[in-house]
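Trainee: Data: protein04.cif, mmCIF, C-alpha atoms.
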data_start
loop_
_atom_site.label_atom_id
_atom_site.label_comp_id
_atom_site.auth_asym_id
_atom_site.auth_seq_id
_atom_site.Cartn_x
_atom_site.Cartn_y
_atom_site.Cartn_z
CA LEU A 953 -71.36 20.19 29.31
CA GLU A 954 -72.73 20.73 32.79
CA ASN A 955 -73.00 16.97 33.33
CA LEU A 956 -69.35 16.58 32.32
CA PHE A 957 -68.38 19.19 34.86
CA LYS A 958 -70.45 17.52 37.57
CA ASN A 959 -68.75 14.17 36.90
CA SER A 960 -65.26 15.62 36.48
CA GLY A 961 -64.31 15.74 40.16
CA LEU A 962 -63.86 19.51 39.98
CA VAL A 963 -65.59 21.38 42.79
CA TYR A 964 -68.46 23.65 41.74
CA GLU A 965 -67.88 27.36 42.47
CA LYS A 966 -64.39 26.64 43.78
CA GLN A 967 -62.93 25.16 40.58
CA TRP A 968 -65.68 25.68 38.00
CA VAL A 969 -68.61 28.06 37.58
CA LYS A 970 -71.59 28.55 35.27
CA ASN A 971 -73.65 31.53 34.13
CA LEU A 972 -71.64 33.83 36.34
CA THR A 973 -70.56 37.46 36.14
CA ILE A 974 -67.21 37.98 37.84
CA LYS A 975 -66.17 41.48 38.91
CA LYS A 976 -62.60 42.41 39.72
CA ASP A 977 -60.68 45.71 39.80
CA GLY A 978 -63.52 47.56 38.09
CA LYS A 979 -63.79 44.95 35.32
CA SER A 980 -66.48 42.31 34.78
CA LEU A 981 -66.58 38.98 32.95
CA THR A 982 -69.75 37.03 32.21
CA VAL A 983 -69.19 33.36 31.41
CA GLU A 984 -71.41 30.50 30.28
CA PHE A 985 -69.05 28.03 31.94
CA ALA A 986 -65.49 28.49 33.18
CA ILE A 987 -62.73 26.68 35.01
CA LYS A 988 -61.40 28.76 37.90
CA HIS A 989 -57.65 28.70 38.43
CA PRO A 990 -56.18 29.09 41.96
CA THR A 991 -54.68 32.41 40.80
CA GLY A 992 -58.21 33.78 40.37
CA LEU A 993 -58.16 33.73 36.56
CA TYR A 994 -60.92 32.01 34.59
CA PHE A 995 -60.77 29.74 31.54
CA PRO A 996 -64.09 30.47 29.73
CA ILE A 997 -65.90 27.64 27.95
CA ASP A 998 -68.91 28.10 25.66
CA ALA A 999 -70.81 25.17 24.21
CA HIS A 1000 -71.76 25.40 20.53
CA TRP A 1001 -73.89 22.91 18.61
CA PRO A 1002 -75.24 23.73 15.10
CA LYS A 1003 -77.49 20.73 15.44
CA THR A 1004 -79.91 21.43 12.58
CA LEU A 1005 -77.16 21.97 10.00
CA TYR A 1006 -75.21 18.90 11.07
CA GLU A 1007 -78.22 16.59 11.18
CA LYS A 1008 -79.22 17.75 7.69
CA LEU A 1009 -75.67 17.05 6.49
CA LEU A 1010 -75.77 13.55 7.95
CA GLU A 1011 -79.10 12.88 6.26
CA LEU A 1012 -77.72 13.96 2.88
CA ARG A 1013 -74.70 11.72 3.33
CA LYS A 1014 -77.01 8.74 3.75
CA MET A 1015 -78.74 9.40 0.46
CA GLU A 1016 -77.61 7.29 -2.48
CA THR A 1017 -78.43 7.66 -6.15
CA ALA A 1018 -77.19 6.23 -9.44
CA ASP A 1019 -78.04 9.41 -11.30
CA GLU A 1020 -74.86 11.38 -12.00
CA ALA A 1021 -76.61 14.74 -12.07
CA GLU A 1022 -78.26 14.02 -8.72
CA GLN A 1023 -74.92 12.93 -7.32
CA GLN A 1024 -73.41 16.26 -8.33
CA ARG A 1025 -76.33 18.15 -6.81
CA LEU A 1026 -76.04 16.25 -3.52
CA LYS A 1027 -72.29 16.79 -3.44
CA LYS A 1028 -72.70 20.56 -3.89
CA GLU A 1029 -75.40 20.67 -1.21
CA LYS A 1030 -73.28 18.64 1.23
CA ASP A 1031 -70.22 20.79 0.55
CA LYS A 1032 -72.24 23.94 1.14
CA LEU A 1033 -73.72 22.62 4.37
CA PHE A 1034 -70.26 21.67 5.64
CA ARG A 1035 -68.88 25.11 4.71
CA ASP A 1036 -71.82 26.71 6.55
CA ILE A 1037 -71.00 24.63 9.64
CA MET A 1038 -67.32 25.63 9.51
CA THR A 1039 -68.27 29.29 8.96
CA ASP A 1040 -70.63 29.04 11.92
CA PHE A 1041 -67.86 27.71 14.18
CA ALA A 1042 -65.40 30.35 12.91
CA GLY A 1043 -67.94 33.04 13.78
CA LYS A 1044 -68.44 31.51 17.22
CA ALA A 1045 -64.67 31.51 17.80
CA THR A 1046 -64.52 35.21 16.88
CA ASP A 1047 -67.43 35.93 19.23
CA VAL A 1048 -65.73 34.03 22.09
CA ASN A 1049 -62.50 35.91 21.41
CA GLU A 1050 -64.26 39.28 21.64
CA LYS A 1051 -66.11 38.30 24.83
CA TYR A 1052 -63.25 36.78 26.79
CA ILE A 1053 -59.68 36.96 25.51
CA ASP A 1054 -58.73 40.57 26.26
CA ASN A 1055 -60.45 40.57 29.64
CA PRO A 1056 -57.90 40.71 32.53
CA ILE A 1057 -60.05 38.26 34.52
CA SER A 1058 -59.73 35.55 31.87
CA ALA A 1059 -56.71 33.31 31.39
CA GLY A 1060 -56.00 34.77 27.95
CA PHE A 1061 -57.50 31.87 26.03
CA ALA A 1062 -60.89 30.15 25.81
CA CYS A 1063 -62.64 27.01 24.60
CA ILE A 1064 -65.62 26.05 22.47
CA TYR A 1065 -67.15 22.77 23.55
CA VAL A 1066 -68.52 20.63 20.69
CA PRO A 1067 -71.01 18.09 22.14
CA SER A 1068 -70.71 15.68 19.22
CA GLU A 1069 -67.63 13.45 18.91
CA SER A 1070 -68.15 12.97 15.17
CA LEU A 1071 -68.55 16.69 14.47
CA TYR A 1072 -65.58 17.51 16.69
CA HIS A 1073 -63.50 15.05 14.71
CA GLU A 1074 -64.61 16.62 11.41
CA ILE A 1075 -63.81 20.22 12.33
CA THR A 1076 -60.47 19.36 13.92
CA THR A 1077 -59.27 17.27 10.94
CA HIS A 1078 -60.60 19.50 8.17
CA ILE A 1079 -58.01 20.77 5.70
CA ASN A 1080 -58.84 24.14 4.15
CA GLU A 1081 -58.20 25.39 0.61
CA LYS A 1082 -54.64 26.36 1.58
CA LYS A 1083 -53.92 22.78 2.61
CA VAL A 1084 -53.70 23.82 6.27
CA LEU A 1085 -55.65 22.46 9.22
CA TRP A 1086 -58.68 24.70 9.61
CA ILE A 1087 -58.52 24.55 13.41
CA SER A 1088 -54.88 25.70 13.48
CA THR A 1089 -55.78 28.84 11.54
CA VAL A 1090 -58.73 29.62 13.81
CA GLN A 1091 -56.74 29.04 17.00
CA GLU A 1092 -53.92 31.27 15.78
CA LYS A 1093 -56.33 34.11 14.99
CA THR A 1094 -58.64 33.86 17.98
CA LYS A 1095 -56.75 32.03 20.77
CA VAL A 1096 -59.81 29.79 21.03
CA THR A 1097 -59.52 26.00 21.11
CA PHE A 1098 -62.11 23.28 20.54
CA MET A 1099 -62.89 20.21 22.61
CA GLY A 1100 -65.25 17.28 22.20
CA PRO A 1101 -66.70 15.16 25.03
CA SER A 1102 -63.72 12.78 25.35
CA THR A 1103 -61.14 15.53 24.98
CA PHE A 1104 -62.90 17.71 27.54
CA SER A 1105 -63.18 14.86 30.07
CA ALA A 1106 -59.46 14.14 29.72
CA TYR A 1107 -58.69 17.84 30.08
CA CYS A 1108 -60.75 18.07 33.28
CA SER A 1109 -58.91 15.06 34.72
CA ALA A 1110 -55.57 16.71 33.96
CA ILE A 1111 -56.76 20.01 35.45
CA LEU A 1112 -58.00 18.25 38.60
CA LEU A 1113 -54.65 16.53 39.01
CA GLY A 1114 -52.90 19.87 38.61
CA PHE A 1115 -55.20 21.58 41.13
CA ASN A 1116 -54.61 18.80 43.66
CA GLN A 1117 -50.87 19.17 43.15
CA ILE A 1118 -51.10 22.93 43.69
CA GLU A 1119 -53.22 22.41 46.82
CA GLY A 1120 -50.70 19.85 48.08
CA ASP A 1121 -47.84 22.25 47.41
CA GLN A 1122 -49.69 25.03 49.25
CA LYS A 1123 -50.27 22.76 52.26
CA ALA A 1124 -46.62 21.72 52.19
CA LYS A 1125 -45.53 25.36 52.04
CA MET A 1126 -47.86 26.18 54.94
CA PHE A 1127 -46.44 23.28 56.97
CA VAL A 1128 -42.87 24.44 56.26
CA LYS A 1129 -43.86 27.98 57.20
CA HIS A 1130 -45.31 26.84 60.52
CA LEU A 1131 -42.29 24.60 61.09
CA GLU A 1132 -39.95 27.53 60.48
CA SER A 1133 -42.01 29.66 62.86
CA LEU A 1134 -41.82 26.95 65.52
CA THR A 1135 -38.07 26.57 64.98
CA ASN A 1136 -37.61 30.32 65.33
CA SER A 1137 -39.67 30.28 68.52
CA ILE A 1138 -37.51 27.47 69.93
CA ASP A 1139 -34.32 29.31 68.99
CA GLN A 1140 -35.64 32.47 70.63
CA LEU A 1141 -36.56 30.51 73.76
CA ASN A 1142 -33.06 29.01 73.89
CA GLU A 1143 -31.52 32.47 73.56
CA GLU A 1144 -33.73 33.85 76.33
CA THR A 1145 -32.95 30.84 78.54
CA LEU A 1146 -29.22 31.25 77.99
CA LYS A 1147 -29.48 34.97 78.65
CA HIS A 1148 -31.43 34.33 81.85
CA GLU A 1149 -28.93 31.67 82.90
CA ASN A 1150 -26.08 34.10 82.34
CA ASN A 1151 -27.94 36.70 84.36
CA LEU A 1152 -28.42 34.17 87.15
CA LYS A 1153 -24.74 33.27 87.07
CA LYS A 1154 -23.80 36.96 87.22
CA ALA A 1155 -26.25 37.52 90.06
CA TYR A 1156 -24.80 34.54 91.92
CA THR A 1157 -21.24 35.82 91.35
CA ASP A 1158 -22.23 39.31 92.49
CA ALA A 1159 -23.92 37.84 95.57
CA GLN A 1160 -20.79 35.84 96.40
CA ALA A 1161 -18.68 38.99 96.05
CA VAL A 1162 -21.01 40.88 98.39
CA THR A 1163 -20.92 38.02 100.89
CA SER A 1164 -17.13 37.89 100.74
CA SER A 1165 -16.89 41.63 101.28
CA ALA A 1166 -19.29 41.40 104.20
CA GLU A 1167 -17.23 38.60 105.76
CA LYS A 1168 -14.03 40.63 105.38
CA MET A 1169 -15.71 43.64 106.93
CA GLN A 1170 -16.99 41.54 109.82
CA SER A 1171 -13.50 40.07 110.36
CA ASN A 1172 -11.95 43.54 110.41
CA MET A 1173 -14.59 44.78 112.86
CA GLN A 1174 -13.91 41.83 115.13
CA ARG A 1175 -10.14 42.44 115.01
CA ILE A 1176 -10.62 46.11 115.78
CA THR A 1177 -12.94 45.26 118.69
CA GLU A 1178 -10.36 42.84 120.12
CA GLU A 1179 -7.59 45.44 119.88
CA LEU A 1180 -9.76 48.02 121.65
CA ASP A 1181 -10.54 45.55 124.42
CA ASN A 1182 -6.83 44.82 124.88
CA LEU A 1183 -6.04 48.53 125.16
CA LYS A 1184 -8.80 48.97 127.71
CA GLU A 1185 -7.42 46.14 129.89
CA LYS A 1186 -3.91 47.69 129.86
CA ASP A 1187 -5.27 51.05 130.97
CA GLU A 1188 -7.09 49.50 133.88
CA LYS A 1189 -3.90 47.87 135.14
#
For the file at hand, write its structure as structure tokens.
Mentor:
Amino acid sequence: LENLFKNSGLVYEKQWVKNLTIKKDGKSLTVEFAIKHPTGLYFPIDAHWPKTLYEKLLELRKMETADEAEQQRLKKEKDKLFRDIMTDFAGKATDVNEKYIDNPISAGFACIYVPSESLYHEITTHINEKKVLWISTVQEKTKVTFMGPSTFSAYCSAILLGFNQIEGDQKAKMFVKHLESLTNSIDQLNEETLKHENNLKKAYTDAQAVTSSAEKMQSNMQRITEELDNLKEKDEK
């Protein structure tokens, strides 16, 4: 499972973790493996491989005999071994459910990784006594799914694509945010420039008014001075 993660393109510790205890808001979650979502939630994945039972089952399936009684005995033994394997996986699903599902740090569902393609195919296509897919019943009860090597690799590829899309969206949102900030800054600068220009125009108009008043005052003073000089000349005569 670790090798699949390493070859998946997912980034260790950023997008997947192993043998880690995560603590958040007073809660803790210990995972064997997990995919880390950008939201901070974890999708726990435990590997499970009843190797001894399955190898024994495969060996029995290879055995051939013409004896009818021996055939019946082998059939019963094979059926029992297969039931033991299915019971073992059902117990593992219950264990995974109890460890992960109700934890607020987990994504609300989990996965059991089956490292054998043939065994994965058998447990996911098995029809129980009620003529229902065994895996559907287990998933409904435990919220735990199963994946084999090929399925898990495809899932990781899909997850990686989704993560890249999310990262791209986040970068796009950040760019738009900065662009909006820049636009607001430009608008503010334009407003300040216009305000300053208006102030300059007002100052110029006020200065012209002062200059005009000063010129009128100077003209009046000159006229008064001339009239006084004329009066003075008449008195002297």
Trainee: Write out as a PDB file with C-alpha atoms, in the coordinates of the input which residues come within 12 Å of Glu1007 of chain A when counting all atoms listed in the file, dropping same-chain ones fewer than 2 positions away.
Mentor:
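Wrote it out as around-v3.pdb, contents follow:
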ATOM      1  CA  TRP A1001     -73.890  22.910  18.610  1.00  0.00           C
ATOM      2  CA  PRO A1002     -75.240  23.730  15.100  1.00  0.00           C
ATOM      3  CA  LYS A1003     -77.490  20.730  15.440  1.00  0.00           C
ATOM      4  CA  THR A1004     -79.910  21.430  12.580  1.00  0.00           C
ATOM      5  CA  LEU A1005     -77.160  21.970  10.000  1.00  0.00           C
ATOM      6  CA  LEU A1009     -75.670  17.050   6.490  1.00  0.00           C
ATOM      7  CA  LEU A1010     -75.770  13.550   7.950  1.00  0.00           C
ATOM      8  CA  GLU A1011     -79.100  12.880   6.260  1.00  0.00           C
ATOM      9  CA  LEU A1012     -77.720  13.960   2.880  1.00  0.00           C
ATOM     10  CA  ARG A1013     -74.700  11.720   3.330  1.00  0.00           C
ATOM     11  CA  LYS A1014     -77.010   8.740   3.750  1.00  0.00           C
ATOM     12  CA  LYS A1030     -73.280  18.640   1.230  1.00  0.00           C
ATOM     13  CA  LEU A1033     -73.720  22.620   4.370  1.00  0.00           C
ATOM     14  CA  PHE A1034     -70.260  21.670   5.640  1.00  0.00           C
ATOM     15  CA  ILE A1037     -71.000  24.630   9.640  1.00  0.00           C
ATOM     16  CA  SER A1068     -70.710  15.680  19.220  1.00  0.00           C
ATOM     17  CA  SER A1070     -68.150  12.970  15.170  1.00  0.00           C
ATOM     18  CA  LEU A1071     -68.550  16.690  14.470  1.00  0.00           C
TER      19      LEU A1071
END
Trainee: Identify which of the residues A:Lys1095, A:Lys1083, A:Lys1027, A:Lys1044 lies closest to Ala1062 of chain A, counting all atoms listed in the file when measuring atom-to-atom distances.
Mentor: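 For Ala1062 of chain A, the nearest of the given residues is A:Lys1095.
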Trainee: Which residues, named as in the file, does the PyMOL selection byres ((chain A and resi 1043) around 12) pick out? Answer as a PyMOL selection string.
Mentor: chain A and resi 1000+1002+1036-1042+1044-1050+1064+1090+1093-1094+1096
Trainee: Determine the residue membership of the PyMOL selection byres ((chain A and resi 973-987) around 8) for the file above and supply it as JSON, numbers by chain.
Mentor: {"A": [967, 968, 969, 970, 971, 972, 988, 989, 994, 995, 996, 997, 998, 1052, 1055, 1056, 1057, 1058]}
Trainee: Applying the PyMOL selection byres ((chain A and resi 1100) around 7) to the file I just gave you, which residues come out? Please list them as JSON, numbers by chain.
Mentor: {"A": [1065, 1066, 1067, 1068, 1069, 1072, 1098, 1099, 1101, 1102, 1103, 1104]}
Trainee: Just how far from atom CA of Leu962 of chain A is atom CA of Pro990 of chain A, in Å to one decimal?
Mentor: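 So the answer is 12.4 Å.
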Trainee: Could you please determine the separation between atom CA of Gly961 of chain A and atom CA of Ser1109 of chain A in Å, to one decimal place?
Mentor: 7.7 Å
Trainee: Between atom CA of Lys966 of chain A and atom CA of Thr991 of chain A, what is the spacing in Å?
Mentor: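 Atom CA of Lys966 of chain A lies 11.7 Å from atom CA of Thr991 of chain A.
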Trainee: With distances taken over all atoms listed in the file, which of A:Asn959, A:Leu1026, A:Cys1063, A:Arg1035 is nearest to Ile1075 of chain A?
Mentor: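 So, comparing all the options, the nearest one is A:Arg1035.
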Trainee: Determine the nearest neighbour of Leu953 of chain A from the options A:Ile1079, A:Thr1089, A:Val1084, A:Ala999, counting only C-alpha atoms.
Mentor: A:Ala999
